[in-house]
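Visitor: coords.txt is reproduced below (compact mmCIF, C-alpha atoms).
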```
# COMPACT_ATOMS: atom_id res chain seq x y z
CA MET A 1 125.31 38.78 6.89
CA ASN A 2 121.98 39.59 5.20
CA LEU A 3 119.44 37.44 7.02
CA PHE A 4 116.29 36.31 5.26
CA PHE A 5 113.16 37.70 6.90
CA ARG A 6 109.41 37.90 6.61
CA LYS A 7 107.52 41.08 7.49
CA LEU A 8 103.91 41.34 8.64
CA GLY A 9 101.75 44.29 9.66
CA GLU A 10 102.48 47.87 10.63
CA GLY A 11 103.05 49.59 13.95
CA LYS A 12 105.40 48.92 16.86
CA PRO A 13 108.37 46.83 15.65
CA LEU A 14 108.66 43.28 16.98
CA VAL A 15 111.56 41.06 15.89
CA ILE A 16 111.23 37.29 16.37
CA LEU A 17 114.01 34.69 16.41
CA HIS A 18 113.39 30.93 16.12
CA GLY A 19 115.13 27.97 17.75
CA VAL A 20 117.68 25.48 16.48
CA PHE A 21 116.56 23.35 13.48
CA GLY A 22 113.76 25.90 12.96
CA ALA A 23 112.99 28.76 10.60
CA SER A 24 111.11 32.04 10.43
CA ASP A 25 107.82 30.34 9.57
CA ASN A 26 107.76 28.45 12.91
CA LEU A 27 105.98 31.36 14.60
CA PHE A 28 104.14 32.59 11.50
CA THR A 29 100.65 31.76 12.77
CA VAL A 30 100.95 33.67 16.06
CA SER A 31 102.83 36.43 14.23
CA LYS A 32 99.81 37.05 11.99
CA LYS A 33 97.75 37.61 15.13
CA LEU A 34 100.39 39.93 16.59
CA ALA A 35 100.45 41.89 13.33
CA GLU A 36 96.70 42.40 13.66
CA ASN A 37 97.36 44.18 16.95
CA ASN A 38 99.28 47.13 15.47
CA MET A 39 102.61 45.33 15.39
CA GLU A 40 105.20 45.44 12.62
CA VAL A 41 106.51 41.89 12.92
CA TYR A 42 109.86 40.75 11.52
CA LEU A 43 110.51 36.99 11.47
CA LEU A 44 114.18 36.19 10.89
CA ASP A 45 115.96 33.06 9.68
CA ALA A 46 119.14 32.59 11.71
CA ARG A 47 122.40 31.93 9.88
CA ASN A 48 122.67 28.29 8.77
CA HIS A 49 118.87 28.04 8.93
CA GLY A 50 116.02 28.56 6.48
CA GLN A 51 116.84 30.87 3.60
CA SER A 52 119.60 32.82 5.36
CA PRO A 53 123.25 32.48 4.27
CA ARG A 54 125.46 29.69 5.53
CA SER A 55 128.68 30.16 7.46
CA ASP A 56 131.28 28.08 9.25
CA GLU A 57 130.93 30.45 12.20
CA PHE A 58 128.00 29.47 14.40
CA ASN A 59 127.76 30.81 17.95
CA TYR A 60 125.77 33.32 19.94
CA ASP A 61 128.28 36.11 19.54
CA VAL A 62 128.01 36.16 15.74
CA MET A 63 124.24 35.60 15.84
CA ALA A 64 123.87 38.63 18.13
CA ASP A 65 125.93 40.62 15.63
CA ASP A 66 123.69 39.35 12.81
CA LEU A 67 120.68 40.67 14.70
CA ASN A 68 122.29 44.05 15.25
CA ASP A 69 123.26 44.27 11.57
CA PHE A 70 119.67 43.47 10.60
CA LEU A 71 118.29 46.24 12.80
CA VAL A 72 120.80 48.77 11.45
CA GLU A 73 120.26 47.83 7.81
CA ASN A 74 116.48 48.03 8.14
CA ASN A 75 116.45 51.21 10.26
CA ILE A 76 114.59 49.51 13.11
CA ASP A 77 114.81 51.57 16.28
CA LYS A 78 114.03 50.28 19.78
CA PRO A 79 112.05 47.17 18.80
CA ILE A 80 110.67 44.53 21.11
CA ILE A 81 112.81 41.44 20.50
CA MET A 82 111.55 37.92 21.13
CA GLY A 83 113.46 34.66 20.83
CA HIS A 84 112.51 31.04 21.37
CA SER A 85 115.13 28.58 22.69
CA MET A 86 118.29 29.23 20.63
CA GLY A 87 116.68 32.50 19.59
CA GLY A 88 116.16 33.37 23.24
CA LYS A 89 119.84 32.92 23.98
CA THR A 90 120.66 35.06 20.95
CA VAL A 91 118.42 37.77 22.42
CA MET A 92 120.24 37.58 25.76
CA GLN A 93 123.63 37.77 24.06
CA PHE A 94 122.41 40.73 21.99
CA ALA A 95 121.41 42.56 25.19
CA GLN A 96 124.91 42.01 26.58
CA LYS A 97 126.42 43.77 23.55
CA TYR A 98 123.83 46.26 22.30
CA ASP A 99 121.14 48.59 23.60
CA ASN A 100 118.79 48.99 20.61
CA TYR A 101 115.62 47.48 22.06
CA GLU A 102 112.64 48.48 24.21
CA LYS A 103 111.75 45.14 25.78
CA LEU A 104 112.88 41.51 25.52
CA ILE A 105 110.86 38.29 25.47
CA VAL A 106 112.76 35.05 26.09
CA VAL A 107 110.73 31.90 25.44
CA ASP A 108 111.54 28.72 27.38
CA ILE A 109 115.28 29.02 27.75
CA ALA A 110 117.59 30.16 30.54
CA SER A 111 121.00 31.80 30.30
CA LYS A 112 122.72 28.79 31.90
CA PHE A 113 124.79 26.10 30.19
CA TYR A 114 122.81 23.12 28.84
CA PRO A 115 124.55 19.82 28.08
CA THR A 116 124.23 18.73 24.46
CA HIS A 117 120.97 16.78 24.09
CA HIS A 118 120.37 16.87 20.33
CA GLN A 119 122.76 14.06 19.44
CA HIS A 120 120.03 11.63 18.34
CA ILE A 121 118.60 14.30 16.02
CA LEU A 122 121.97 15.01 14.46
CA GLU A 123 122.68 11.33 13.98
CA GLY A 124 119.36 10.98 12.21
CA LEU A 125 119.94 14.02 10.00
CA ASN A 126 123.37 12.79 9.00
CA ALA A 127 121.96 9.33 8.22
CA ILE A 128 119.67 10.75 5.54
CA PRO A 129 121.45 10.63 2.12
CA ILE A 130 120.13 14.03 1.09
CA LYS A 131 121.87 14.19 -2.32
CA THR A 132 120.54 10.81 -3.41
CA LEU A 133 117.26 10.88 -1.48
CA GLU A 134 114.39 9.50 -3.53
CA SER A 135 111.41 10.71 -1.49
CA ARG A 136 110.28 12.37 1.73
CA LYS A 137 108.89 9.00 2.76
CA GLN A 138 112.40 7.55 2.59
CA ALA A 139 113.68 10.38 4.80
CA GLU A 140 110.87 9.75 7.29
CA GLU A 141 111.65 6.04 7.45
CA ILE A 142 115.34 6.68 8.14
CA PHE A 143 114.78 9.52 10.61
CA SER A 144 112.18 7.55 12.59
CA GLN A 145 114.95 5.16 13.64
CA TYR A 146 116.55 8.05 15.56
CA VAL A 147 113.63 10.29 16.59
CA SER A 148 110.56 8.48 17.89
CA ASP A 149 108.27 11.46 18.43
CA PHE A 150 106.12 12.07 15.32
CA GLY A 151 105.67 15.80 15.90
CA GLU A 152 109.37 16.35 16.44
CA ARG A 153 110.19 14.40 13.26
CA GLN A 154 107.74 16.42 11.18
CA PHE A 155 109.05 19.70 12.57
CA ILE A 156 112.67 18.89 11.70
CA LEU A 157 111.98 17.23 8.35
CA LYS A 158 110.30 20.44 7.17
CA ASN A 159 113.90 21.45 6.48
CA ILE A 160 113.98 19.17 3.43
CA TYR A 161 113.00 20.91 0.20
CA ARG A 162 112.88 20.18 -3.52
CA THR A 163 115.64 21.80 -5.55
CA ASP A 164 115.13 23.32 -9.00
CA GLU A 165 116.89 20.29 -10.41
CA GLY A 166 114.27 17.96 -8.91
CA GLY A 167 116.35 16.53 -6.10
CA PHE A 168 116.36 17.30 -2.39
CA ASP A 169 118.45 19.48 -0.11
CA TRP A 170 118.51 20.89 3.43
CA ARG A 171 117.30 24.30 4.59
CA ILE A 172 119.71 23.90 7.51
CA ASN A 173 123.49 23.60 7.41
CA VAL A 174 123.67 20.09 8.83
CA PRO A 175 127.50 19.75 8.86
CA VAL A 176 128.13 23.08 10.62
CA ILE A 177 125.31 22.63 13.14
CA SER A 178 126.57 19.11 13.86
CA GLU A 179 130.10 20.35 14.44
CA ASN A 180 129.05 23.29 16.62
CA ILE A 181 126.02 21.90 18.47
CA TYR A 182 127.80 22.37 21.81
CA GLN A 183 127.59 26.12 21.13
CA ILE A 184 123.79 25.96 21.33
CA GLY A 185 123.95 24.99 24.98
CA SER A 186 126.61 27.52 25.94
CA GLU A 187 126.05 29.92 28.84
CA ILE A 188 125.23 33.56 28.17
CA SER A 189 127.20 35.95 30.35
CA GLY A 190 125.30 37.99 32.91
CA GLU A 191 128.08 40.52 33.41
CA LYS A 192 126.09 43.46 32.03
CA LYS A 193 123.04 44.26 34.16
CA ILE A 194 119.83 44.73 32.16
CA SER A 195 117.31 47.22 33.56
CA LYS A 196 114.82 47.20 30.67
CA PRO A 197 111.70 44.99 30.95
CA VAL A 198 112.27 41.31 30.17
CA LEU A 199 109.60 38.60 30.02
CA PHE A 200 110.70 35.01 30.50
CA MET A 201 108.07 32.47 29.43
CA ARG A 202 108.11 28.75 30.20
CA GLY A 203 105.80 25.82 29.62
CA SER A 204 104.58 23.92 32.66
CA GLU A 205 105.50 20.68 30.87
CA SER A 206 109.02 21.88 30.05
CA SER A 207 112.09 21.67 32.27
CA TYR A 208 114.18 24.31 30.51
CA ILE A 209 113.65 27.08 33.11
CA SER A 210 113.51 26.15 36.81
CA ASP A 211 112.60 28.50 39.65
CA SER A 212 116.26 28.62 40.67
CA ASP A 213 117.26 29.46 37.08
CA PHE A 214 114.97 32.48 37.15
CA GLU A 215 116.25 33.50 40.56
CA ASP A 216 119.80 33.47 39.18
CA MET A 217 118.81 35.37 36.03
CA SER A 218 117.05 38.03 38.09
CA LYS A 219 120.49 39.16 39.26
CA THR A 220 121.24 40.15 35.66
CA TYR A 221 117.76 41.02 34.38
CA LEU A 222 116.71 43.46 37.07
CA ASN A 223 113.22 44.09 35.68
CA ALA A 224 112.33 40.53 34.74
CA THR A 225 109.04 38.65 34.95
CA LEU A 226 108.49 34.89 34.67
CA LYS A 227 105.22 33.57 33.22
CA THR A 228 104.35 29.87 33.19
CA ILE A 229 101.91 28.69 30.52
CA GLU A 230 99.96 25.73 31.87
CA GLY A 231 99.85 22.66 29.64
CA ALA A 232 102.54 23.95 27.30
CA ASN A 233 105.77 22.16 26.45
CA HIS A 234 108.98 23.70 25.11
CA TRP A 235 107.15 24.86 21.97
CA ILE A 236 104.72 27.12 23.83
CA HIS A 237 103.61 29.01 20.71
CA ALA A 238 102.55 25.71 19.08
CA THR A 239 100.99 23.89 22.05
CA LYS A 240 99.19 26.85 23.67
CA PRO A 241 99.02 29.54 20.96
CA GLN A 242 96.18 31.58 22.49
CA ASP A 243 97.75 31.71 25.95
CA PHE A 244 101.09 32.52 24.33
CA LEU A 245 99.55 35.35 22.32
CA GLU A 246 97.72 36.87 25.28
CA THR A 247 100.83 36.76 27.47
CA VAL A 248 102.97 38.44 24.80
CA LEU A 249 100.40 41.17 24.10
CA ASN A 250 99.88 41.90 27.81
CA PHE A 251 103.63 42.35 28.24
CA ILE A 252 103.95 44.56 25.16
CA VAL A 253 101.24 47.01 26.23
CA ALA A 254 102.19 47.07 29.93
```
Would you mind writing the structure in this file as structure tokens?
Guide:
Amino acid sequence: MNLFFRKLGEGKPLVILHGVFGASDNLFTVSKKLAENNMEVYLLDARNHGQSPRSDEFNYDVMADDLNDFLVENNIDKPIIMGHSMGGKTVMQFAQKYDNYEKLIVVDIASKFYPTHHQHILEGLNAIPIKTLESRKQAEEIFSQYVSDFGERQFILKNIYRTDEGGFDWRINVPVISENIYQIGSEISGEKKISKPVLFMRGSESSYISDSDFEDMSKTYLNATLKTIEGANHWIHATKPQDFLETVLNFIVA
């Protein structure tokens, strides 16, 4: 699968993977800063997201293979690979199958199983009549009945775009994501021990990685570090961009 990607800067290769319902531009602002620090940054759209191809297959095994194919096709050797949320689990699955990386950065996600907690979002997405939608305002009015948080609504509704014919469509594959959402919470095996450096980042206002989660993951990721960004929620790069940037750069040059 030929994933859509954006490339910024020149230097040490850094590949960045976004979370579910997201796209490559989610981390574009911090990526510009990283590119200014002698980094060659690749921002990928996952399958069924953004401008990448769609597929009925949607799980971490195939997304790890997509990442490997991307590295091979673009002759990227030993990059630093960073993933947020779903992207972080893809990174962990990739490390279980492949060895083409120097360091890993996993942002606010653990390897454990998470119960499905996106049901209200999916109900809202499926309630929007995308093929007959008259305006973004109409989509906002419908979606607000399911998702109360304004920031979360705006983030997800960025996936609506104008078609060449003048109508609207999704940048995400709503039917396939809806059908396979349980895959997003699936556990990543820790069978293969990872000795290369791994940075786990969490927001102090997020509950995705507990101290006990990190203790468990340290049995797999033998050279792992956990950094907590004070005042950040699950979207660390958006809520505390400067602290996020400094933490990433310190890890890269260490």
Visitor: Could the residues of stretch 69-122 of chain A that have an atom at most 9 Å from stretch 16-21 of chain A be listed as CSV, each with its closest atom pair and the distance in Å to one decimal, counting all atoms listed in the file and ordered by chain and ascending residue number?
Guide:
```
residue,atom,partner,partner_atom,distance
A:Ile80,CA,A:Ile16,CA,8.7
A:Ile81,CA,A:Ile16,CA,6.1
A:Met82,CA,A:Ile16,CA,4.8
A:Gly83,CA,A:Leu17,CA,4.5
A:His84,CA,A:His18,CA,5.3
A:Ser85,CA,A:Gly19,CA,5.0
A:Met86,CA,A:Gly19,CA,4.5
A:Gly87,CA,A:Leu17,CA,4.7
A:Gly88,CA,A:Leu17,CA,7.3
A:Thr90,CA,A:Leu17,CA,8.1
A:Val91,CA,A:Leu17,CA,8.1
```
Visitor: Any idea what's packed within 10 Å of A:Asn173, counting only C-alpha atoms, ignoring anything in its chain fewer than 3 positions away? Could you give it as a VMD selection string?
Guide: chain A and resid 21 47 to 50 53 to 56 159 169 to 170 176 to 178
Visitor: For stretch 63-70 of chain A, take all atoms listed in the file, fit an axis-aligned box around them, add 8 Å to each of the six sides, then output centre and edge lengths in Å rounded to one decimal, as AutoDock Vina command-line options.
Guide:
```
--center_x 122.8 --center_y 39.9 --center_z 14.4 --size_x 22.3 --size_y 24.7 --size_z 23.5
```
Visitor: Skipping near chain neighbours, those fewer than 3 positions away, what residues fall within 9 Å of A:Ala95 using all atoms listed in the file, listed as a short mmCIF file (atom, residue, chain, number, x, y, z; two decimals) with C-alpha atoms, keeping the file's coordinate frame?
Guide:
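selection.cif was written with the following content:
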```cif
data_model
loop_
_atom_site.label_atom_id
_atom_site.label_comp_id
_atom_site.auth_asym_id
_atom_site.auth_seq_id
_atom_site.Cartn_x
_atom_site.Cartn_y
_atom_site.Cartn_z
CA ALA A 64 123.87 38.63 18.13
CA THR A 90 120.66 35.06 20.95
CA VAL A 91 118.42 37.77 22.42
CA MET A 92 120.24 37.58 25.76
CA TYR A 98 123.83 46.26 22.30
CA ASP A 99 121.14 48.59 23.60
CA ASN A 100 118.79 48.99 20.61
CA TYR A 101 115.62 47.48 22.06
CA LEU A 104 112.88 41.51 25.52
CA LYS A 192 126.09 43.46 32.03
CA ILE A 194 119.83 44.73 32.16
#
```
Visitor: Might you pull out every residue within 10 Å of A:Asn2, with only C-alpha atoms counted and same-chain residues fewer than 3 positions away left off, and present them as a list in words?
Guide: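 The neighbour list is Phe5, Asp45, Ala46, Arg47, Ser52, Pro53, Asp66, Leu67, Asp69, Phe70 and Glu73 of chain A.
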Visitor: Can you pull out the residues contacting A:Gly203? Cut-off 9 Å, using all atoms listed in the file, and skip same-chain residues under 4 positions away; I want them as a list in words.
Guide: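 My list of contacting residues is Val107, Asp108, Ser207, Tyr208, Ile209, Lys227, Thr228, Ile229, Glu230, Gly231, Ala232, Asn233, His234, Trp235, Ile236 and Lys240 of chain A.
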Visitor: Kindly complete stretch 93-118 of chain A to N, CA and C atoms; the output should be written as a CSV table (one decimal), in the frame of the given file.
Guide:
```
chain,number,residue,atom,x,y,z
A,93,GLN,N,122.3,37.4,24.5
A,93,GLN,CA,123.6,37.8,24.1
A,93,GLN,C,123.6,39.2,23.4
A,94,PHE,N,122.6,39.4,22.6
A,94,PHE,CA,122.4,40.7,22.0
A,94,PHE,C,122.3,41.8,23.1
A,95,ALA,N,121.6,41.6,24.1
A,95,ALA,CA,121.4,42.6,25.2
A,95,ALA,C,122.7,42.8,25.9
A,96,GLN,N,123.6,41.8,26.0
A,96,GLN,CA,124.9,42.0,26.6
A,96,GLN,C,125.8,42.9,25.8
A,97,LYS,N,125.5,43.0,24.4
A,97,LYS,CA,126.4,43.8,23.6
A,97,LYS,C,125.8,45.1,23.0
A,98,TYR,N,124.5,45.1,22.9
A,98,TYR,CA,123.8,46.3,22.3
A,98,TYR,C,122.7,46.8,23.2
A,99,ASP,N,122.2,48.0,22.8
A,99,ASP,CA,121.1,48.6,23.6
A,99,ASP,C,119.9,49.0,22.8
A,100,ASN,N,119.9,48.6,21.5
A,100,ASN,CA,118.8,49.0,20.6
A,100,ASN,C,117.6,48.1,20.7
A,101,TYR,N,116.9,48.2,21.8
A,101,TYR,CA,115.6,47.5,22.1
A,101,TYR,C,114.8,48.2,23.2
A,102,GLU,N,113.5,47.9,23.2
A,102,GLU,CA,112.6,48.5,24.2
A,102,GLU,C,112.4,47.4,25.3
A,103,LYS,N,112.0,46.2,24.9
A,103,LYS,CA,111.8,45.1,25.8
A,103,LYS,C,112.3,43.8,25.2
A,104,LEU,N,112.5,42.8,26.0
A,104,LEU,CA,112.9,41.5,25.5
A,104,LEU,C,111.9,40.5,26.0
A,105,ILE,N,111.7,39.5,25.1
A,105,ILE,CA,110.9,38.3,25.5
A,105,ILE,C,111.7,37.1,25.2
A,106,VAL,N,111.9,36.3,26.2
A,106,VAL,CA,112.8,35.0,26.1
A,106,VAL,C,111.9,33.8,26.4
A,107,VAL,N,111.7,33.0,25.4
A,107,VAL,CA,110.7,31.9,25.4
A,107,VAL,C,111.4,30.6,25.7
A,108,ASP,N,111.2,30.1,26.9
A,108,ASP,CA,111.5,28.7,27.4
A,108,ASP,C,113.0,28.4,27.2
A,109,ILE,N,113.8,29.3,27.7
A,109,ILE,CA,115.3,29.0,27.8
A,109,ILE,C,115.9,29.9,28.8
A,110,ALA,N,116.9,29.4,29.5
A,110,ALA,CA,117.6,30.2,30.5
A,110,ALA,C,119.0,30.5,30.0
A,111,SER,N,119.7,31.4,30.7
A,111,SER,CA,121.0,31.8,30.3
A,111,SER,C,122.1,30.8,30.6
A,112,LYS,N,121.7,29.8,31.4
A,112,LYS,CA,122.7,28.8,31.9
A,112,LYS,C,123.2,27.9,30.8
A,113,PHE,N,124.3,27.1,31.1
A,113,PHE,CA,124.8,26.1,30.2
A,113,PHE,C,123.9,24.9,30.2
A,114,TYR,N,123.6,24.4,29.0
A,114,TYR,CA,122.8,23.1,28.8
A,114,TYR,C,123.7,22.1,28.2
A,115,PRO,N,123.8,20.9,28.8
A,115,PRO,CA,124.6,19.8,28.1
A,115,PRO,C,123.9,19.5,26.7
A,116,THR,N,124.7,19.1,25.8
A,116,THR,CA,124.2,18.7,24.5
A,116,THR,C,123.2,17.6,24.6
A,117,HIS,N,122.0,17.8,24.0
A,117,HIS,CA,121.0,16.8,24.1
A,117,HIS,C,120.3,16.6,22.7
A,118,HIS,N,120.9,17.0,21.7
A,118,HIS,CA,120.4,16.9,20.3
A,118,HIS,C,121.1,15.8,19.5
```
